[in-house]
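Undergrad: So that you have it, the file is data05.cif, and it contains mmCIF, C-alpha atoms:
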data_entry
#
loop_
_atom_site.label_atom_id
_atom_site.label_comp_id
_atom_site.auth_asym_id
_atom_site.auth_seq_id
_atom_site.Cartn_x
_atom_site.Cartn_y
_atom_site.Cartn_z
CA GLN A 1 -89.20 -138.30 -16.56
CA LYS A 2 -90.49 -139.05 -13.08
CA GLU A 3 -91.18 -142.67 -12.19
CA VAL A 4 -94.59 -141.69 -10.78
CA GLU A 5 -96.75 -138.86 -12.09
CA GLN A 6 -99.60 -137.42 -10.06
CA ASP A 7 -101.67 -134.31 -10.68
CA PRO A 8 -101.04 -132.00 -7.70
CA GLY A 9 -104.48 -130.38 -7.89
CA PRO A 10 -105.85 -128.79 -5.84
CA LEU A 11 -109.14 -130.61 -6.27
CA SER A 12 -112.23 -129.07 -4.72
CA VAL A 13 -115.52 -131.01 -4.55
CA PRO A 14 -118.83 -130.64 -2.71
CA GLU A 15 -119.64 -132.95 0.16
CA GLY A 16 -121.13 -136.23 -1.05
CA ALA A 17 -119.35 -136.19 -4.40
CA ILE A 18 -117.38 -139.08 -5.83
CA VAL A 19 -113.69 -138.27 -5.99
CA SER A 20 -111.30 -139.82 -8.48
CA LEU A 21 -107.55 -139.58 -7.93
CA ASN A 22 -105.06 -141.02 -10.38
CA CYS A 23 -101.39 -141.75 -10.96
CA THR A 24 -99.36 -143.09 -13.81
CA TYR A 25 -96.00 -144.77 -13.51
CA SER A 26 -93.20 -145.98 -15.73
CA ASN A 27 -91.35 -148.65 -13.74
CA SER A 28 -92.61 -152.14 -14.62
CA ALA A 29 -90.95 -153.55 -11.50
CA PHE A 30 -93.59 -152.01 -9.23
CA GLN A 31 -95.80 -154.71 -7.73
CA TYR A 32 -97.34 -153.00 -4.69
CA PHE A 33 -99.48 -149.95 -5.13
CA MET A 34 -100.43 -147.81 -2.18
CA TRP A 35 -102.48 -144.78 -1.33
CA TYR A 36 -101.49 -142.62 1.58
CA ARG A 37 -103.44 -139.77 3.14
CA GLN A 38 -101.58 -136.87 4.69
CA TYR A 39 -103.17 -134.21 6.85
CA SER A 40 -101.47 -130.86 7.32
CA ARG A 41 -98.36 -131.05 9.53
CA LYS A 42 -98.70 -134.82 9.85
CA GLY A 43 -96.91 -137.75 8.27
CA PRO A 44 -98.43 -139.90 5.53
CA GLU A 45 -100.85 -142.56 6.72
CA LEU A 46 -101.45 -145.70 4.70
CA LEU A 47 -105.04 -145.90 3.46
CA MET A 48 -104.84 -149.09 1.46
CA TYR A 49 -102.62 -151.11 -0.78
CA THR A 50 -103.09 -153.44 -3.74
CA TYR A 51 -100.83 -156.15 -4.98
CA SER A 52 -100.48 -156.33 -8.77
CA SER A 53 -103.54 -155.57 -10.90
CA GLY A 54 -107.12 -155.50 -9.71
CA ASN A 55 -109.53 -153.71 -7.44
CA LYS A 56 -109.71 -153.41 -3.68
CA GLU A 57 -112.50 -151.88 -1.66
CA ASP A 58 -112.43 -150.61 1.91
CA GLY A 59 -115.53 -148.80 3.04
CA ARG A 60 -115.95 -145.66 0.94
CA PHE A 61 -112.55 -146.15 -0.70
CA THR A 62 -111.80 -148.22 -3.81
CA ALA A 63 -108.34 -148.67 -5.29
CA GLN A 64 -107.82 -149.83 -8.85
CA VAL A 65 -104.62 -150.92 -10.55
CA ASP A 66 -104.18 -151.46 -14.28
CA LYS A 67 -100.64 -152.68 -14.79
CA SER A 68 -101.05 -152.98 -18.54
CA SER A 69 -101.66 -149.23 -18.72
CA LYS A 70 -99.42 -148.41 -15.74
CA TYR A 71 -102.32 -146.50 -14.22
CA ILE A 72 -103.73 -146.54 -10.71
CA SER A 73 -106.79 -144.86 -9.24
CA LEU A 74 -108.40 -144.16 -5.90
CA PHE A 75 -112.12 -143.51 -5.71
CA ILE A 76 -113.76 -141.95 -2.68
CA ARG A 77 -117.53 -142.30 -2.48
CA ASP A 78 -119.78 -139.99 -0.48
CA SER A 79 -116.87 -137.67 0.24
CA GLN A 80 -116.83 -135.96 3.63
CA PRO A 81 -115.15 -132.74 4.83
CA SER A 82 -112.92 -134.97 6.97
CA ASP A 83 -111.52 -136.44 3.72
CA SER A 84 -109.88 -133.08 3.00
CA ALA A 85 -106.17 -133.89 2.89
CA THR A 86 -103.35 -134.58 0.47
CA TYR A 87 -103.51 -138.02 -1.15
CA LEU A 88 -100.26 -139.62 -2.20
CA CYS A 89 -99.96 -142.56 -4.51
CA ALA A 90 -96.95 -144.74 -3.81
CA MET A 91 -95.39 -147.84 -5.27
CA SER A 92 -92.75 -150.40 -4.50
CA ALA A 93 -91.26 -153.47 -6.10
CA SER A 94 -91.40 -155.38 -2.84
CA GLY A 95 -93.95 -155.62 -0.07
CA GLY A 96 -91.44 -156.73 2.48
CA TYR A 97 -88.99 -153.93 1.86
CA GLN A 98 -90.63 -150.58 1.68
CA LYS A 99 -88.34 -148.55 -0.53
CA VAL A 100 -91.33 -146.62 -1.74
CA THR A 101 -91.58 -144.27 -4.68
CA PHE A 102 -94.16 -141.56 -4.07
CA GLY A 103 -96.16 -139.30 -6.32
CA THR A 104 -96.19 -135.60 -5.48
CA GLY A 105 -99.66 -135.85 -3.97
CA THR A 106 -103.07 -134.37 -4.83
CA LYS A 107 -104.57 -131.88 -2.42
CA LEU A 108 -108.27 -132.52 -1.94
CA GLN A 109 -110.79 -130.19 -0.36
CA VAL A 110 -114.33 -131.38 0.34
CA ILE A 111 -116.63 -128.43 0.84
CA PRO A 112 -119.55 -128.86 3.29
CA GLU B 1 -99.30 -147.44 21.83
CA ALA B 2 -97.04 -144.53 20.90
CA GLY B 3 -96.45 -143.89 17.23
CA VAL B 4 -93.25 -142.88 15.51
CA THR B 5 -91.87 -139.80 17.22
CA GLN B 6 -89.58 -137.25 15.63
CA PHE B 7 -87.63 -134.44 17.25
CA PRO B 8 -87.53 -131.54 16.72
CA SER B 9 -90.69 -130.74 14.80
CA HIS B 10 -89.04 -127.65 13.33
CA SER B 11 -85.43 -126.56 13.00
CA VAL B 12 -84.11 -123.33 11.53
CA ILE B 13 -80.36 -123.12 11.03
CA GLU B 14 -77.88 -121.14 9.00
CA LYS B 15 -75.95 -122.51 6.09
CA GLY B 16 -72.82 -124.25 7.29
CA GLN B 17 -74.24 -125.25 10.67
CA THR B 18 -74.87 -128.77 11.87
CA VAL B 19 -78.28 -130.22 12.64
CA THR B 20 -79.24 -133.56 14.13
CA LEU B 21 -82.70 -135.02 13.68
CA ARG B 22 -83.96 -137.81 15.86
CA CYS B 23 -86.49 -140.56 15.29
CA ASP B 24 -87.98 -142.93 17.83
CA PRO B 25 -89.70 -145.80 16.02
CA ILE B 26 -92.61 -147.82 17.34
CA SER B 27 -91.34 -150.27 19.93
CA GLY B 28 -90.46 -153.60 18.37
CA HIS B 29 -90.18 -152.27 14.83
CA ASP B 30 -86.85 -153.48 13.51
CA ASN B 31 -87.21 -151.65 10.20
CA LEU B 32 -86.56 -147.93 10.20
CA TYR B 33 -86.62 -145.68 7.16
CA TRP B 34 -85.75 -142.06 6.51
CA TYR B 35 -87.52 -140.16 3.74
CA ARG B 36 -87.34 -136.51 2.72
CA ARG B 37 -89.62 -134.09 0.94
CA VAL B 38 -88.05 -131.06 -0.64
CA MET B 39 -90.53 -128.27 -1.38
CA GLY B 40 -92.59 -128.91 -4.46
CA LYS B 41 -91.16 -132.36 -4.96
CA GLU B 42 -92.23 -135.85 -4.03
CA ILE B 43 -91.25 -137.67 -0.84
CA LYS B 44 -88.02 -139.53 -1.55
CA PHE B 45 -86.34 -142.48 0.12
CA LEU B 46 -83.07 -141.76 1.92
CA LEU B 47 -82.10 -144.95 3.72
CA HIS B 48 -83.21 -148.09 5.51
CA PHE B 49 -82.06 -149.71 8.74
CA VAL B 50 -82.78 -153.20 9.94
CA LYS B 51 -82.08 -153.01 13.64
CA GLU B 52 -78.73 -151.21 13.87
CA SER B 53 -77.53 -152.15 10.37
CA LYS B 54 -77.83 -149.96 7.31
CA GLN B 55 -79.42 -152.07 4.58
CA ASP B 56 -79.74 -149.49 1.87
CA GLU B 57 -78.46 -145.93 1.87
CA SER B 58 -78.74 -145.40 -1.86
CA GLY B 59 -80.99 -142.39 -1.40
CA MET B 60 -78.60 -140.37 0.73
CA PRO B 61 -77.80 -137.19 -1.23
CA ASN B 62 -74.10 -136.91 -0.34
CA ASN B 63 -71.59 -137.44 2.45
CA ARG B 64 -72.83 -134.45 4.41
CA PHE B 65 -75.60 -136.73 5.63
CA LEU B 66 -74.88 -139.31 8.32
CA ALA B 67 -77.49 -141.64 9.76
CA GLU B 68 -77.05 -143.86 12.78
CA ARG B 69 -79.24 -146.17 14.75
CA THR B 70 -77.92 -146.83 18.22
CA GLY B 71 -78.57 -150.33 19.52
CA GLY B 72 -81.32 -150.82 17.00
CA THR B 73 -83.62 -148.40 18.80
CA TYR B 74 -83.78 -144.69 17.97
CA SER B 75 -82.08 -143.21 14.92
CA THR B 76 -80.40 -139.89 14.23
CA LEU B 77 -79.80 -138.13 10.95
CA LYS B 78 -77.04 -135.54 11.02
CA VAL B 79 -76.48 -132.95 8.33
CA GLN B 80 -73.02 -131.36 8.48
CA PRO B 81 -72.52 -128.77 7.12
CA ALA B 82 -76.06 -127.89 6.09
CA GLU B 83 -76.67 -126.29 2.68
CA LEU B 84 -79.68 -124.34 1.42
CA GLU B 85 -80.87 -127.27 -0.70
CA ASP B 86 -81.17 -129.46 2.40
CA SER B 87 -84.31 -127.58 3.43
CA GLY B 88 -87.39 -129.75 3.47
CA VAL B 89 -89.39 -132.13 5.63
CA TYR B 90 -87.59 -135.20 6.90
CA PHE B 91 -89.82 -138.14 7.68
CA CYS B 92 -89.00 -141.25 9.62
CA ALA B 93 -91.02 -144.43 9.27
CA SER B 94 -90.89 -147.83 10.91
CA SER B 95 -92.35 -151.25 10.25
CA LEU B 96 -92.44 -154.76 11.63
CA PRO B 97 -90.46 -157.25 9.57
CA GLY B 98 -91.68 -160.58 8.33
CA ALA B 99 -95.00 -159.84 6.68
CA THR B 100 -95.65 -160.15 2.96
CA PHE B 101 -96.52 -156.49 3.04
CA GLU B 102 -94.91 -154.41 5.74
CA LYS B 103 -97.03 -151.43 6.63
CA LEU B 104 -95.03 -148.27 7.12
CA PHE B 105 -95.90 -145.99 10.04
CA PHE B 106 -94.68 -142.45 9.52
CA GLY B 107 -93.80 -139.81 12.05
CA SER B 108 -95.00 -136.22 11.66
CA GLY B 109 -91.67 -135.15 10.26
CA THR B 110 -89.04 -132.53 11.03
CA GLN B 111 -89.33 -129.32 9.03
CA LEU B 112 -85.75 -128.19 8.35
CA SER B 113 -85.10 -124.69 7.10
CA VAL B 114 -81.54 -123.75 6.13
CA LEU B 115 -81.08 -119.99 5.73
#
Written as structure tokens, that's how I'd like the structure from this file.

TA:
Amino acid sequence: QKEVEQDPGPLSVPEGAIVSLNCTYSNSAFQYFMWYRQYSRKGPELLMYTYSSGNKEDGRFTAQVDKSSKYISLFIRDSQPSDSATYLCAMSASGGYQKVTFGTGTKLQVIP
Amino acid sequence: EAGVTQFPSHSVIEKGQTVTLRCDPISGHDNLYWYRRVMGKEIKFLLHFVKESKQDESGMPNNRFLAERTGGTYSTLKVQPAELEDSGVYFCASSLPGATFEKLFFGSGTQLSVL
């Protein structure tokens, strides 16, 4: 069993829709939960991170972590064509040492 | 400010050949990481340098892989001899030490194809 499970998609939504991306994990040691965005032929770029359980909002993006269920989510409001990318969930036990475990990524397409 | 730079962007070699990948981290970033994505799989950790010292190489697949970081600046990852299963995208990332959460900055990767 993988430590992090993520639906690969692809996910196709119309512009303006709310997008929900999710991951589950099995390792209780994970304390930092991250979402990366990766455009084609580019490296992953950190969108946001959350420490332990709770919610975090940054503009149109909201990250949620439920450690009791080992479930994390990323919500994108008012999705834009420029949001079309692969979204990777990622986790680590430490914030200061980034030995990160990634999900396989969900490919998102926002249709104008 | 320049980001993390990786060379080459693509490399196509034959099985049994040697390939060397290079990573130039962001200036001042003591932490340097190598990750790899094999087709269809998730990005996986290979190893971690702090300056010129290897801190954790637990993700290195086998002894055909050799990573170095000269003088704590750029890093190279050599694969010798390359096998078919080594094909994938090799990412380098760097970060500043000392923060509670160290943000990783990734390069665009080197696409390695072993034929």

Undergrad: Taking 6 positions as the minimum chain separation for residues in the same chain, which residues sit within 10 Å of Leu115 in chain B when counting only C-alpha atoms? Answer as a PyMOL selection string.

TA: chain B and resi 12-17+82-85+87

Undergrad: Leaving out Met91 in chain A and any residue of its chain fewer than 3 positions from it, which residues lie within 12 Å of it when counting all atoms listed in the file, given as JSON, numbers by chain?

TA: {"A": [3, 4, 5, 23, 24, 25, 26, 27, 28, 29, 30, 31, 32, 33, 34, 35, 36, 46, 48, 49, 50, 51, 52, 65, 67, 70, 71, 72, 88, 94, 95, 97, 98, 99, 100, 101, 102, 103], "B": [43, 44, 45]}

Undergrad: Can you list, as a list of chain:residue names, every protein, DNA or RNA residue that comes within 10 Å of range 59-62 of chain B when you count only C-alpha atoms, leaving out same-chain residues fewer than 6 positions away?

TA: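 In the requested format, the answer is A:Lys99, B:Trp34, B:Tyr35, B:Arg36, B:Lys44, B:Phe45, B:Leu46, B:Leu47, B:His48, B:Val79, B:Asp86.
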
Undergrad: Write out as JSON, numbers by chain each polymer residue whose atoms come within 9 Å of Pro25 in chain B, counting only C-alpha atoms; drop sequence neighbours fewer than 5 positions from it.

TA: {"B": [2, 3, 4, 5, 6, 30, 31, 32, 73, 74, 75, 92, 93, 94, 95, 105, 106, 107]}

Undergrad: Skipping near chain neighbours, those fewer than 2 positions away, what residues fall within 7 Å of Ala17 in chain A using all atoms listed in the file, listed as number ranges by chain?

TA: A: 13-15, 19, 77-79

Undergrad: One decimal, in Å: what's the spacing between CA of Tyr39 in chain A and CA of Lys56 in chain A?

TA: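 CA of Lys56 in chain A lies at a distance of 22.9 Å from CA of Tyr39 in chain A.
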
Undergrad: Take CA of Thr70 in chain B and CA of Ser9 in chain B and report the distance between them in Å, one decimal.

TA: 20.8 Å

Undergrad: Quick one, how far is CA of Thr104 in chain A from CA of Ile18 in chain A?

TA: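 According to the coordinates, CA of Thr104 in chain A and CA of Ile18 in chain A are separated by 21.5 Å.
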